[in-house]
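Shown next: start_33.csv, containing CSV, C-alpha atoms.
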chain,number,residue,atom,x,y,z
A,56,MET,CA,133.3,112.6,-6.7
A,57,LYS,CA,136.6,114.2,-7.6
A,58,ASP,CA,137.1,117.9,-6.9
A,59,LEU,CA,138.3,119.3,-10.2
A,60,SER,CA,139.2,122.6,-8.6
A,61,THR,CA,142.3,121.0,-7.0
A,62,HIS,CA,144.2,121.0,-10.3
A,63,PRO,CA,146.9,123.6,-9.8
A,64,CYS,CA,147.4,124.3,-13.5
A,65,PHE,CA,143.8,124.9,-14.2
A,66,ASN,CA,142.9,126.8,-11.0
A,67,LYS,CA,145.2,129.7,-9.8
A,68,ASP,CA,143.8,129.5,-6.3
A,69,ALA,CA,144.9,125.9,-6.0
A,70,HIS,CA,148.6,126.2,-7.1
A,71,HIS,CA,149.8,127.1,-3.6
A,72,LYS,CA,147.8,124.3,-1.9
A,73,TYR,CA,147.9,121.2,-4.1
A,74,ALA,CA,150.8,119.4,-5.7
A,75,ARG,CA,151.1,117.6,-9.1
A,76,VAL,CA,153.5,115.1,-10.5
A,77,HIS,CA,154.5,114.4,-14.1
A,78,LEU,CA,155.5,110.8,-14.8
A,79,PRO,CA,158.3,110.8,-17.5
A,80,VAL,CA,157.2,107.6,-19.4
A,81,ALA,CA,157.0,109.0,-23.0
A,82,PRO,CA,160.5,109.6,-24.4
A,83,THR,CA,159.9,109.9,-28.1
A,84,CYS,CA,158.0,112.6,-30.1
A,85,ASN,CA,156.1,112.7,-33.4
A,86,VAL,CA,156.6,116.4,-34.0
A,87,LYS,CA,159.8,118.4,-34.3
A,88,CYS,CA,159.2,121.8,-32.9
A,89,ASN,CA,161.8,124.5,-33.8
A,90,TYR,CA,161.8,125.8,-30.2
A,91,CYS,CA,162.3,122.5,-28.5
A,92,ASN,CA,165.4,120.5,-27.5
A,93,ARG,CA,164.5,117.5,-25.5
A,94,LYS,CA,167.0,116.4,-22.9
A,95,PHE,CA,166.7,113.3,-20.7
A,96,ASP,CA,169.6,114.0,-18.3
A,97,CYS,CA,169.6,117.7,-17.3
A,98,VAL,CA,168.7,118.4,-13.7
A,99,ASN,CA,169.5,122.1,-13.9
A,100,GLU,CA,166.9,123.2,-16.4
A,101,SER,CA,163.2,123.8,-15.7
A,102,ARG,CA,161.3,123.7,-18.9
A,103,PRO,CA,159.1,121.2,-20.9
A,104,GLY,CA,161.0,118.4,-22.6
A,105,VAL,CA,163.5,118.0,-19.8
A,106,THR,CA,163.8,115.1,-17.4
A,107,SER,CA,166.5,113.5,-15.4
A,108,SER,CA,165.2,110.0,-16.1
A,109,VAL,CA,162.7,108.1,-18.3
A,110,LEU,CA,160.7,105.4,-16.5
A,111,SER,CA,158.8,102.4,-17.6
A,112,PRO,CA,155.1,102.3,-16.6
A,113,ASP,CA,155.9,99.8,-13.8
A,114,GLN,CA,158.7,101.9,-12.5
A,115,ALA,CA,156.5,105.0,-12.7
A,116,LEU,CA,153.9,103.2,-10.5
A,117,ASN,CA,156.7,102.2,-8.1
A,118,TYR,CA,157.9,105.8,-7.9
A,119,LEU,CA,154.3,107.1,-7.4
A,120,ILE,CA,153.5,104.7,-4.5
A,121,LYS,CA,156.6,106.0,-2.7
A,122,LEU,CA,155.9,109.6,-3.6
A,123,VAL,CA,152.4,109.8,-2.1
A,124,LYS,CA,153.8,108.8,1.2
A,125,ILE,CA,156.0,111.9,1.3
A,126,MET,CA,153.7,114.3,-0.5
A,127,PRO,CA,150.2,114.2,1.1
A,128,GLU,CA,149.2,117.3,-0.9
A,129,LEU,CA,149.5,115.5,-4.2
A,130,LYS,CA,146.2,115.6,-6.1
A,131,VAL,CA,147.1,115.4,-9.8
A,132,ILE,CA,149.1,112.8,-11.8
A,133,GLY,CA,150.0,113.8,-15.3
A,134,ILE,CA,152.0,112.7,-18.3
A,135,ALA,CA,153.7,115.4,-20.3
A,136,GLY,CA,156.7,113.8,-22.0
A,137,PRO,CA,159.6,114.3,-22.3
A,138,GLY,CA,158.3,113.5,-25.8
A,139,ASP,CA,154.6,113.3,-26.5
A,140,PRO,CA,152.3,110.8,-24.7
A,141,PHE,CA,150.7,109.6,-27.9
A,142,ALA,CA,153.9,109.1,-29.7
A,143,ASN,CA,154.3,106.5,-27.0
A,144,PRO,CA,150.7,105.3,-26.6
A,145,THR,CA,151.5,101.9,-25.2
A,146,GLN,CA,153.6,103.3,-22.3
A,147,THR,CA,151.1,106.1,-21.7
A,148,MET,CA,148.0,104.0,-21.6
A,149,LYS,CA,149.6,101.3,-19.5
A,150,THR,CA,150.7,103.9,-17.0
A,151,LEU,CA,147.3,105.5,-16.8
A,152,HIS,CA,145.6,102.1,-16.2
A,153,LEU,CA,148.1,101.3,-13.5
A,154,VAL,CA,147.6,104.7,-11.8
A,155,ARG,CA,143.9,104.5,-12.0
A,156,ASP,CA,143.8,101.0,-10.5
A,157,HIS,CA,146.0,102.0,-7.6
A,158,PHE,CA,144.8,105.6,-7.1
A,159,PRO,CA,141.1,105.8,-8.0
A,160,ASP,CA,140.7,109.2,-6.4
A,161,MET,CA,143.5,111.1,-8.1
A,162,LEU,CA,143.0,113.5,-11.0
A,163,LEU,CA,144.6,112.3,-14.2
A,164,CYS,CA,145.8,114.7,-16.9
A,165,LEU,CA,147.8,114.8,-20.1
A,166,SER,CA,149.7,117.3,-22.2
A,167,SER,CA,150.0,116.6,-25.9
A,168,ASN,CA,150.6,118.1,-29.3
A,169,GLY,CA,147.2,116.5,-30.3
A,170,LEU,CA,148.5,114.7,-33.4
A,171,ASN,CA,147.8,111.2,-32.3
A,172,ILE,CA,145.5,111.5,-29.3
A,173,GLY,CA,142.3,110.9,-31.3
A,174,PRO,CA,142.3,107.1,-31.2
A,175,TYR,CA,142.6,107.1,-27.4
A,176,ILE,CA,140.0,109.6,-26.4
A,177,ASP,CA,137.2,107.1,-25.7
A,178,GLU,CA,139.7,105.1,-23.5
A,179,LEU,CA,140.7,108.3,-21.7
A,180,LYS,CA,137.1,109.0,-20.9
A,181,GLU,CA,136.7,105.5,-19.5
A,182,LEU,CA,139.8,106.1,-17.3
A,183,ASP,CA,138.2,109.3,-16.1
A,184,VAL,CA,141.1,111.5,-17.3
A,185,SER,CA,139.7,114.9,-16.4
A,186,HIS,CA,142.1,117.4,-17.9
A,187,VAL,CA,144.0,117.5,-21.2
A,188,THR,CA,146.3,120.2,-22.6
A,189,ILE,CA,146.8,120.6,-26.3
A,190,THR,CA,149.6,122.8,-27.6
A,191,LEU,CA,148.2,124.8,-30.6
A,192,ASN,CA,150.5,127.5,-32.0
A,193,SER,CA,148.6,128.9,-35.0
A,194,PHE,CA,145.6,128.5,-37.3
A,195,ARG,CA,147.7,129.4,-40.3
A,196,THR,CA,149.6,126.8,-42.2
A,197,GLU,CA,152.2,129.2,-43.4
A,198,THR,CA,153.0,130.1,-39.8
A,199,LEU,CA,153.0,126.4,-38.7
A,200,ALA,CA,155.6,125.7,-41.4
A,201,LYS,CA,157.9,128.1,-39.6
A,202,ILE,CA,157.3,126.5,-36.2
A,203,TYR,CA,157.7,122.8,-37.1
A,204,SER,CA,160.5,121.1,-39.0
A,205,TRP,CA,158.4,117.9,-39.5
A,206,ILE,CA,155.7,115.7,-38.2
A,207,ARG,CA,155.4,111.9,-38.3
A,208,HIS,CA,151.9,110.4,-38.6
A,209,ASP,CA,151.0,106.8,-39.5
A,210,LYS,CA,154.7,106.0,-40.2
A,211,ARG,CA,154.9,108.8,-42.8
A,212,GLY,CA,156.8,112.0,-42.6
A,213,TYR,CA,155.3,115.4,-43.5
A,214,PHE,CA,157.0,118.7,-44.0
A,215,GLY,CA,156.2,122.4,-44.5
A,216,GLU,CA,152.6,123.6,-44.9
A,217,GLN,CA,151.5,120.0,-45.5
A,218,ALA,CA,152.7,119.1,-42.0
A,219,GLY,CA,151.0,122.2,-40.5
A,220,LYS,CA,147.7,121.5,-42.2
A,221,LEU,CA,147.6,117.9,-41.0
A,222,LEU,CA,148.7,118.8,-37.4
A,223,LEU,CA,146.1,121.5,-37.1
A,224,GLU,CA,143.3,119.2,-38.5
A,225,LYS,CA,144.2,116.6,-35.9
A,226,GLN,CA,144.4,119.1,-33.1
A,227,LEU,CA,140.9,120.6,-33.8
A,228,GLU,CA,139.4,117.2,-34.2
A,229,ALA,CA,140.9,116.3,-30.8
A,230,ILE,CA,139.6,119.4,-29.1
A,231,ASP,CA,136.0,118.7,-30.4
A,232,ARG,CA,136.1,115.1,-29.2
A,233,LEU,CA,137.6,115.9,-25.8
A,234,LYS,CA,134.9,118.4,-25.1
A,235,GLU,CA,132.2,116.0,-26.3
A,236,ALA,CA,133.7,113.5,-23.8
A,237,GLY,CA,133.3,116.1,-21.0
A,238,ILE,CA,137.0,116.6,-20.5
A,239,THR,CA,138.4,120.0,-19.4
A,240,VAL,CA,140.7,121.3,-22.2
A,241,LYS,CA,143.5,123.9,-21.9
A,242,VAL,CA,145.3,125.2,-24.9
A,243,ASN,CA,149.0,126.1,-24.6
A,244,THR,CA,150.4,128.5,-27.2
A,245,ILE,CA,154.1,129.3,-27.4
A,246,VAL,CA,154.4,133.0,-28.1
A,247,MET,CA,157.2,133.5,-30.7
A,248,PRO,CA,158.1,137.1,-31.6
A,249,GLY,CA,157.7,137.8,-35.3
A,250,ILE,CA,156.2,134.4,-36.0
A,251,ASN,CA,152.9,134.0,-34.2
A,252,ASP,CA,152.7,136.8,-31.5
A,253,HIS,CA,150.3,138.8,-33.7
A,254,GLU,CA,148.0,135.8,-34.1
A,255,ILE,CA,147.2,135.2,-30.4
A,256,PRO,CA,143.8,137.0,-30.3
A,257,GLU,CA,142.8,135.1,-33.4
A,258,ILE,CA,143.7,131.8,-31.8
A,259,ALA,CA,141.9,132.7,-28.5
A,260,LYS,CA,138.7,133.7,-30.4
A,261,LYS,CA,138.6,130.5,-32.4
A,262,ILE,CA,139.4,128.0,-29.6
A,263,ALA,CA,136.8,129.8,-27.4
A,264,LYS,CA,134.2,129.0,-30.0
A,265,LYS,CA,135.2,125.4,-29.7
A,266,GLY,CA,134.6,125.3,-26.0
A,267,VAL,CA,138.2,125.4,-24.8
A,268,ASP,CA,138.2,126.1,-21.0
A,269,LEU,CA,141.5,127.9,-20.6
A,270,MET,CA,144.3,129.4,-22.6
A,271,ASN,CA,148.0,129.4,-21.5
A,272,THR,CA,150.2,131.8,-23.5
A,273,ILE,CA,153.8,130.8,-22.8
A,274,PRO,CA,156.6,133.2,-23.8
A,275,LEU,CA,159.2,131.5,-26.0
A,276,PHE,CA,162.2,130.3,-24.0
A,277,PRO,CA,165.2,130.4,-26.5
A,278,VAL,CA,166.9,127.0,-26.1
A,279,LYS,CA,170.5,126.2,-27.3
A,280,ASP,CA,170.8,124.1,-30.4
A,281,THR,CA,167.4,124.9,-31.7
A,282,ALA,CA,166.3,126.9,-34.8
A,283,MET,CA,165.0,129.6,-32.4
A,284,GLU,CA,168.0,129.8,-30.0
A,285,ASN,CA,168.8,133.4,-31.0
A,286,MET,CA,165.3,134.7,-30.8
A,287,GLU,CA,164.4,137.2,-28.1
A,288,GLU,CA,162.1,136.1,-25.3
A,289,PRO,CA,158.9,138.2,-25.0
A,290,SER,CA,159.0,140.6,-22.1
A,291,PRO,CA,156.7,140.3,-19.0
A,292,GLU,CA,155.0,143.5,-20.0
A,293,PHE,CA,154.2,142.2,-23.5
A,294,MET,CA,152.9,138.9,-22.1
A,295,LYS,CA,150.7,140.8,-19.6
A,296,ALA,CA,149.2,142.9,-22.4
A,297,LEU,CA,148.7,139.8,-24.5
A,298,ARG,CA,146.8,138.0,-21.8
A,299,LYS,CA,144.4,141.0,-21.6
A,300,LYS,CA,143.6,140.4,-25.2
A,301,VAL,CA,143.0,136.7,-24.6
A,302,GLU,CA,140.8,137.6,-21.6
A,303,VAL,CA,138.2,139.0,-24.1
A,304,PHE,CA,137.5,135.5,-25.3
A,305,LEU,CA,138.3,133.0,-22.5
A,306,PRO,CA,140.2,132.8,-19.2
A,307,PRO,CA,144.0,133.1,-19.5
A,308,MET,CA,146.4,131.2,-17.4
A,309,SER,CA,148.9,133.5,-15.7
A,310,HIS,CA,150.7,131.3,-13.3
A,311,CYS,CA,152.4,128.8,-15.6
A,312,ALA,CA,155.8,127.5,-14.3
A,313,ARG,CA,156.9,125.9,-17.6
A,314,CYS,CA,157.1,122.6,-15.8
A,315,ARG,CA,159.6,119.8,-16.5
A,316,ALA,CA,158.5,116.4,-17.8
A,317,ASP,CA,159.4,115.0,-14.3
A,318,ALA,CA,158.0,117.9,-12.2
A,319,ALA,CA,156.8,117.0,-8.7
A,320,GLY,CA,155.4,119.3,-6.0
A,321,LEU,CA,153.7,122.6,-5.9
A,322,LEU,CA,153.8,124.7,-9.1
A,323,GLY,CA,157.1,126.5,-9.2
A,324,LYS,CA,158.4,124.7,-6.1
A,325,ASP,CA,159.4,121.3,-7.2
A,326,SER,CA,160.4,118.9,-4.4
A,327,ALA,CA,164.1,118.0,-4.1
A,328,GLU,CA,163.0,114.9,-2.2
A,329,ALA,CA,160.9,113.8,-5.1
A,330,ALA,CA,163.8,114.4,-7.5
A,331,GLN,CA,166.0,112.2,-5.4
A,332,LEU,CA,163.3,109.5,-5.2
A,333,LEU,CA,163.0,109.6,-9.0
A,334,SER,CA,166.7,109.1,-9.4
A,335,GLU,CA,166.7,106.2,-7.1
A,336,THR,CA,163.8,104.6,-9.0
A,337,ALA,CA,165.7,105.1,-12.2
A,338,LEU,CA,168.7,103.4,-10.8
A,339,LEU,CA,166.6,100.4,-9.8
A,340,ASN,CA,165.2,100.4,-13.3
A,341,VAL,CA,168.7,100.2,-14.8
A,342,GLU,CA,169.6,97.3,-12.5
A,343,LYS,CA,166.4,95.4,-13.3
A,344,GLY,CA,167.0,96.3,-17.0
A,345,GLU,CA,169.9,93.9,-16.9
A,346,GLU,CA,167.3,91.1,-16.7
A,347,ARG,CA,166.1,92.3,-20.1
A,348,PRO,CA,169.3,93.4,-21.9
A,349,CYS,CA,168.1,92.8,-25.4
A,350,VAL,CA,166.0,94.5,-28.1
A,351,ALA,CA,163.8,92.6,-30.6
A,352,VAL,CA,163.5,93.8,-34.3
A,353,THR,CA,161.3,92.9,-37.2
A,354,SER,CA,163.5,93.1,-40.3
A,355,MET,CA,163.6,91.4,-43.7
A,356,GLU,CA,167.4,91.7,-44.0
A,357,GLY,CA,168.8,92.7,-40.6
A,358,ILE,CA,169.6,96.3,-41.5
A,359,LEU,CA,166.3,98.1,-41.6
A,360,VAL,CA,163.2,98.0,-39.4
A,361,ASN,CA,160.9,97.3,-42.3
A,362,GLN,CA,158.4,94.6,-41.4
A,363,HIS,CA,155.0,94.4,-39.8
A,364,LEU,CA,155.0,92.2,-36.7
A,365,GLY,CA,152.1,90.1,-38.0
A,366,GLU,CA,154.0,89.3,-41.2
A,367,ALA,CA,157.3,88.5,-39.6
A,368,ASP,CA,158.3,84.8,-39.5
A,369,ARG,CA,161.5,85.6,-37.5
A,370,ILE,CA,162.7,88.2,-35.0
A,371,HIS,CA,166.2,89.6,-34.9
A,372,VAL,CA,167.5,90.1,-31.3
A,373,PHE,CA,170.2,92.6,-30.6
A,374,ARG,CA,172.2,93.5,-27.5
A,375,GLU,CA,174.4,96.5,-26.6
A,376,THR,CA,178.0,95.7,-25.9
A,377,PRO,CA,181.1,97.8,-25.2
A,378,LYS,CA,182.0,97.3,-28.9
A,379,GLY,CA,178.6,98.4,-30.2
A,380,TYR,CA,175.4,96.5,-31.0
A,381,LYS,CA,175.6,92.7,-31.5
A,382,LEU,CA,173.1,90.4,-33.2
A,383,VAL,CA,172.5,87.8,-30.5
A,384,ASN,CA,170.3,85.5,-32.6
A,385,VAL,CA,167.4,85.2,-34.9
A,386,ARG,CA,164.2,83.6,-33.4
A,387,ALA,CA,161.3,82.1,-35.2
A,388,THR,CA,157.9,83.7,-34.4
A,389,PRO,CA,155.0,81.4,-33.3
A,390,SER,CA,152.9,80.1,-36.1
A,391,THR,CA,149.7,81.9,-37.2
A,392,GLY,CA,146.2,80.8,-36.4
A,393,LEU,CA,146.7,80.6,-32.6
A,394,GLY,CA,144.8,83.8,-31.7
A,395,ASP,CA,146.0,85.6,-28.6
A,396,SER,CA,148.1,82.7,-27.6
A,397,ARG,CA,150.4,83.5,-30.6
A,398,TRP,CA,151.4,86.8,-29.0
A,399,GLU,CA,151.6,85.3,-25.5
A,400,LYS,CA,154.0,82.7,-26.8
A,401,LEU,CA,156.0,85.5,-28.5
A,402,CYS,CA,156.2,87.3,-25.1
A,403,GLU,CA,157.7,84.2,-23.6
A,404,SER,CA,160.2,84.0,-26.5
A,405,LEU,CA,161.2,87.6,-25.9
A,406,ALA,CA,161.4,87.5,-22.1
A,407,ASP,CA,165.0,88.9,-22.3
A,408,CYS,CA,163.9,91.9,-24.5
A,409,ARG,CA,163.0,95.3,-23.1
A,410,ALA,CA,161.7,96.6,-26.4
A,411,ILE,CA,160.7,95.6,-29.9
A,412,LEU,CA,161.2,97.7,-33.0
A,413,VAL,CA,158.5,97.1,-35.6
A,414,GLY,CA,157.4,98.6,-38.9
A,415,GLY,CA,153.8,98.1,-37.8
A,416,ILE,CA,151.8,96.3,-35.2
A,417,GLY,CA,148.1,95.5,-34.6
A,418,LYS,CA,146.2,96.7,-31.5
A,419,LYS,CA,145.9,93.2,-30.0
A,420,PRO,CA,149.6,92.2,-30.1
A,421,ALA,CA,150.5,95.7,-29.0
A,422,GLY,CA,148.4,95.4,-25.9
A,423,ILE,CA,149.7,91.9,-25.0
A,424,LEU,CA,153.3,92.7,-25.6
A,425,GLY,CA,153.0,96.1,-23.8
A,426,ARG,CA,151.4,94.4,-20.7
A,427,SER,CA,154.3,92.0,-20.6
A,428,GLY,CA,156.7,94.9,-20.1
A,429,ILE,CA,158.1,95.1,-23.7
A,430,LYS,CA,158.3,98.7,-25.0
A,431,ILE,CA,156.9,98.9,-28.5
A,432,ILE,CA,158.5,101.3,-31.0
A,433,GLU,CA,156.9,101.7,-34.4
A,434,MET,CA,159.4,103.1,-36.9
A,435,SER,CA,161.0,102.9,-40.3
A,436,GLY,CA,164.7,103.2,-40.8
A,437,LEU,CA,168.0,101.8,-39.7
A,438,ILE,CA,168.0,99.3,-36.9
A,439,ASP,CA,170.9,101.2,-35.2
A,440,GLN,CA,168.8,104.3,-35.0
A,441,GLY,CA,166.1,102.4,-33.2
A,442,LEU,CA,168.6,100.8,-30.9
A,443,ASP,CA,170.1,104.2,-30.1
A,444,SER,CA,166.6,105.4,-29.1
A,445,VAL,CA,166.2,102.5,-26.7
A,446,TYR,CA,169.6,102.4,-25.1
A,447,LYS,CA,170.6,106.0,-25.3
A,448,GLY,CA,167.4,107.9,-25.4
A,449,THR,CA,168.2,109.6,-28.7
A,450,GLU,CA,165.5,111.0,-31.0
A,451,LEU,CA,164.2,108.8,-33.8
A,452,ARG,CA,164.7,110.1,-37.4
A,453,SER,CA,162.7,107.8,-39.6
A,454,ILE,CA,162.6,107.6,-43.4
A,455,CYS,CA,159.4,107.3,-45.4
A,456,LYS,CA,158.2,103.7,-45.8
A,457,SER,CA,158.1,104.2,-49.6
A,458,ASP,CA,161.8,105.0,-49.6
A,459,MET,CA,162.9,102.1,-47.5
A,460,THR,CA,163.7,99.7,-50.3
A,461,LYS,CA,164.9,102.3,-52.9
A,462,CYS,CA,168.5,101.9,-54.0
A,463,GLY,CA,168.7,104.9,-56.2
A,464,GLU,CA,166.9,107.8,-57.9
A,465,GLY,CA,165.4,105.6,-60.6
A,466,CYS,CA,164.3,102.9,-58.3
A,467,THR,CA,160.5,102.3,-57.8
A,468,GLY,CA,161.1,101.1,-54.3
A,469,ALA,CA,158.6,98.2,-54.9
A,470,ALA,CA,161.1,95.6,-53.6
A,471,ASN,CA,160.7,93.6,-56.8
A,472,GLY,CA,164.3,93.7,-57.9
A,473,CYS,CA,166.3,96.2,-60.0
A,474,GLY,CA,167.1,96.3,-63.7

Written form, structure tokens:
Amino acid sequence: MKDLSTHPCFNKDAHHKYARVHLPVAPTCNVKCNYCNRKFDCVNESRPGVTSSVLSPDQALNYLIKLVKIMPELKVIGIAGPGDPFANPTQTMKTLHLVRDHFPDMLLCLSSNGLNIGPYIDELKELDVSHVTITLNSFRTETLAKIYSWIRHDKRGYFGEQAGKLLLEKQLEAIDRLKEAGITVKVNTIVMPGINDHEIPEIAKKIAKKGVDLMNTIPLFPVKDTAMENMEEPSPEFMKALRKKVEVFLPPMSHCARCRADAAGLLGKDSAEAAQLLSETALLNVEKGEERPCVAVTSMEGILVNQHLGEADRIHVFRETPKGYKLVNVRATPSTGLGDSRWEKLCESLADCRAILVGGIGKKPAGILGRSGIKIIEMSGLIDQGLDSVYKGTELRSICKSDMTKCGEGCTGAANGCG
């Protein structure tokens, strides 16, 4: 039986004894936080959303196998970004399966905004994921509208209080289901002066009633090029007093190190040797990536990602060149009525592709393509934006599906022709 007390983030007494590692396999995010600026290549910043490399599930396992040999105190394996694990569910779930198969005694944990974790909770329970952190910043939609620029759910964008309302609903549903599944839940709340700092006791009281095990109040860290870059960071004295108020309702975490998405080692004492190992693994990934230099796209006209994989009779295949992205060719998809073998044949056809951009995809083909090593990105918008995300790690900015075929203000967008 696993010793849950060895998790350093959930047990203050453990954080000087046991190490944890975050596997950076989830690059994209489905929520735009006004305090967050995700960077994939900064080794000098220690905060969430930052990693020096993004790994595929297979590379993450390769890294982990080497890491345990130099870090015997490692007890916890987590995924915390640099985006959100469930904005990248295929990569996240494949990584968890690989880790559980190879390291059955390790604790598994996740950190998520909670928006899209719901569909995967039963599978997380089967994998014996023991700890999940949900970032919940307010119970008031007017406050959430100040914290988030937008959210993206089921291929649709939401803004303002509508975004806050949907996000909160999904977070609370997730907490209830995680607790029903017997999973230990921590809530992270970013304390933002003048925005939600006065709401912290209210949040603590409400999440305590839902059975949350621990609350981590994290002082805002003003980050350059964000909407909150000029805000003042709450003082240590203010945070200490705030945690006293939280303590009335549930245990507060007081030893948070604001970990990077690729953190490895004891809390607050990340291993330089692990960082070097991660960089070496990433270099190997780049070299092996040359075996899969292309990206597949489902598109009706070769400009937008605007087609469900199941409806596509052809796949556009692109490659990055020194002069920009080049259309390599257009390949026919296997005929329908073949069952799983249709998707297995498609995997063979796309053996040179590292990713596929789709307007939508079913669970079965997603699983088959994902296991073959093809990264799946569901999106709507310009193909070049999706290619930038794959090749350069940039953030996706999608347009609403209903707007994809509109050519002007008076257009219905029904793709039935104009006039």

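Counting from atom CA of A:Val385, the distance to atom CA of A:Lys419 is 23.5 Å.
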
Which residues, written as a PyMOL selection string, have at least one atom at most 12 Å from A:Asp231, with all atoms listed in the file counted and residues fewer than 2 positions away on the same chain left out?
-> chain A and resi 169+172-173+176+189+224-229+233-240+262-267

Generate the output file for the selected residues, C-alpha atoms, as a PDB file, in the coordinates of the input.
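And here is the file that came out, selection.pdb:
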ATOM      1  CA  GLY A 169     147.200 116.500 -30.300  1.00  0.00           C
ATOM      2  CA  ILE A 172     145.500 111.500 -29.300  1.00  0.00           C
ATOM      3  CA  GLY A 173     142.300 110.900 -31.300  1.00  0.00           C
ATOM      4  CA  ILE A 176     140.000 109.600 -26.400  1.00  0.00           C
ATOM      5  CA  ILE A 189     146.800 120.600 -26.300  1.00  0.00           C
ATOM      6  CA  GLU A 224     143.300 119.200 -38.500  1.00  0.00           C
ATOM      7  CA  LYS A 225     144.200 116.600 -35.900  1.00  0.00           C
ATOM      8  CA  GLN A 226     144.400 119.100 -33.100  1.00  0.00           C
ATOM      9  CA  LEU A 227     140.900 120.600 -33.800  1.00  0.00           C
ATOM     10  CA  GLU A 228     139.400 117.200 -34.200  1.00  0.00           C
ATOM     11  CA  ALA A 229     140.900 116.300 -30.800  1.00  0.00           C
ATOM     12  CA  LEU A 233     137.600 115.900 -25.800  1.00  0.00           C
ATOM     13  CA  LYS A 234     134.900 118.400 -25.100  1.00  0.00           C
ATOM     14  CA  GLU A 235     132.200 116.000 -26.300  1.00  0.00           C
ATOM     15  CA  ALA A 236     133.700 113.500 -23.800  1.00  0.00           C
ATOM     16  CA  GLY A 237     133.300 116.100 -21.000  1.00  0.00           C
ATOM     17  CA  ILE A 238     137.000 116.600 -20.500  1.00  0.00           C
ATOM     18  CA  THR A 239     138.400 120.000 -19.400  1.00  0.00           C
ATOM     19  CA  VAL A 240     140.700 121.300 -22.200  1.00  0.00           C
ATOM     20  CA  ILE A 262     139.400 128.000 -29.600  1.00  0.00           C
ATOM     21  CA  ALA A 263     136.800 129.800 -27.400  1.00  0.00           C
ATOM     22  CA  LYS A 264     134.200 129.000 -30.000  1.00  0.00           C
ATOM     23  CA  LYS A 265     135.200 125.400 -29.700  1.00  0.00           C
ATOM     24  CA  GLY A 266     134.600 125.300 -26.000  1.00  0.00           C
ATOM     25  CA  VAL A 267     138.200 125.400 -24.800  1.00  0.00           C
TER      26      VAL A 267
END

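Within 9 Å of the point (159.6, 81.6, -35.8) in file coordinates, and counting all atoms listed in the file, lie the residues Ala367, Asp368, Arg369, Ile370, Val385, Arg386, Ala387, Thr388, Pro389 and Ser390 of chain A.
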
Can you list, as a PyMOL selection string, every protein, DNA or RNA residue that comes within 10 Å of A:Asp280 when you count all atoms listed in the file, leaving out same-chain residues fewer than 6 positions away?
-> chain A and resi 89-92

Suppose you want the space between atom CA of A:Val86 and atom CA of A:Leu359; what is it in Å?
-> 22.1 Å

Atom CA of A:Gly425 to atom CA of A:Met148, distance in Å rounded to a single decimal =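 Result for atom CA of A:Gly425 versus atom CA of A:Met148: 9.6 Å, one decimal.
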
Counting all atoms listed in the file, closest pick from A:Asn171, A:Lys124, A:Asp160, A:Asn192 relative to A:Cys88 is A:Asn192

Exercise: A:Glu302 partners within 12 Å, only C-alpha atoms, chain neighbours under 3 positions left out, as a PyMOL selection string = chain A and resi 255-256+259-260+263+268-272+295-299+305-309

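Considering the residues A:Ile245, A:Met434, A:Leu223, A:Val109 and counting all atoms listed in the file, A:Thr196 has its shortest atom-to-atom contact with A:Leu223.
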
Counting only C-alpha atoms, which of A:Ile202, A:Ile358, A:Ala316, A:Ala330 gets nearest to A:Ser167?
-> A:Ala316
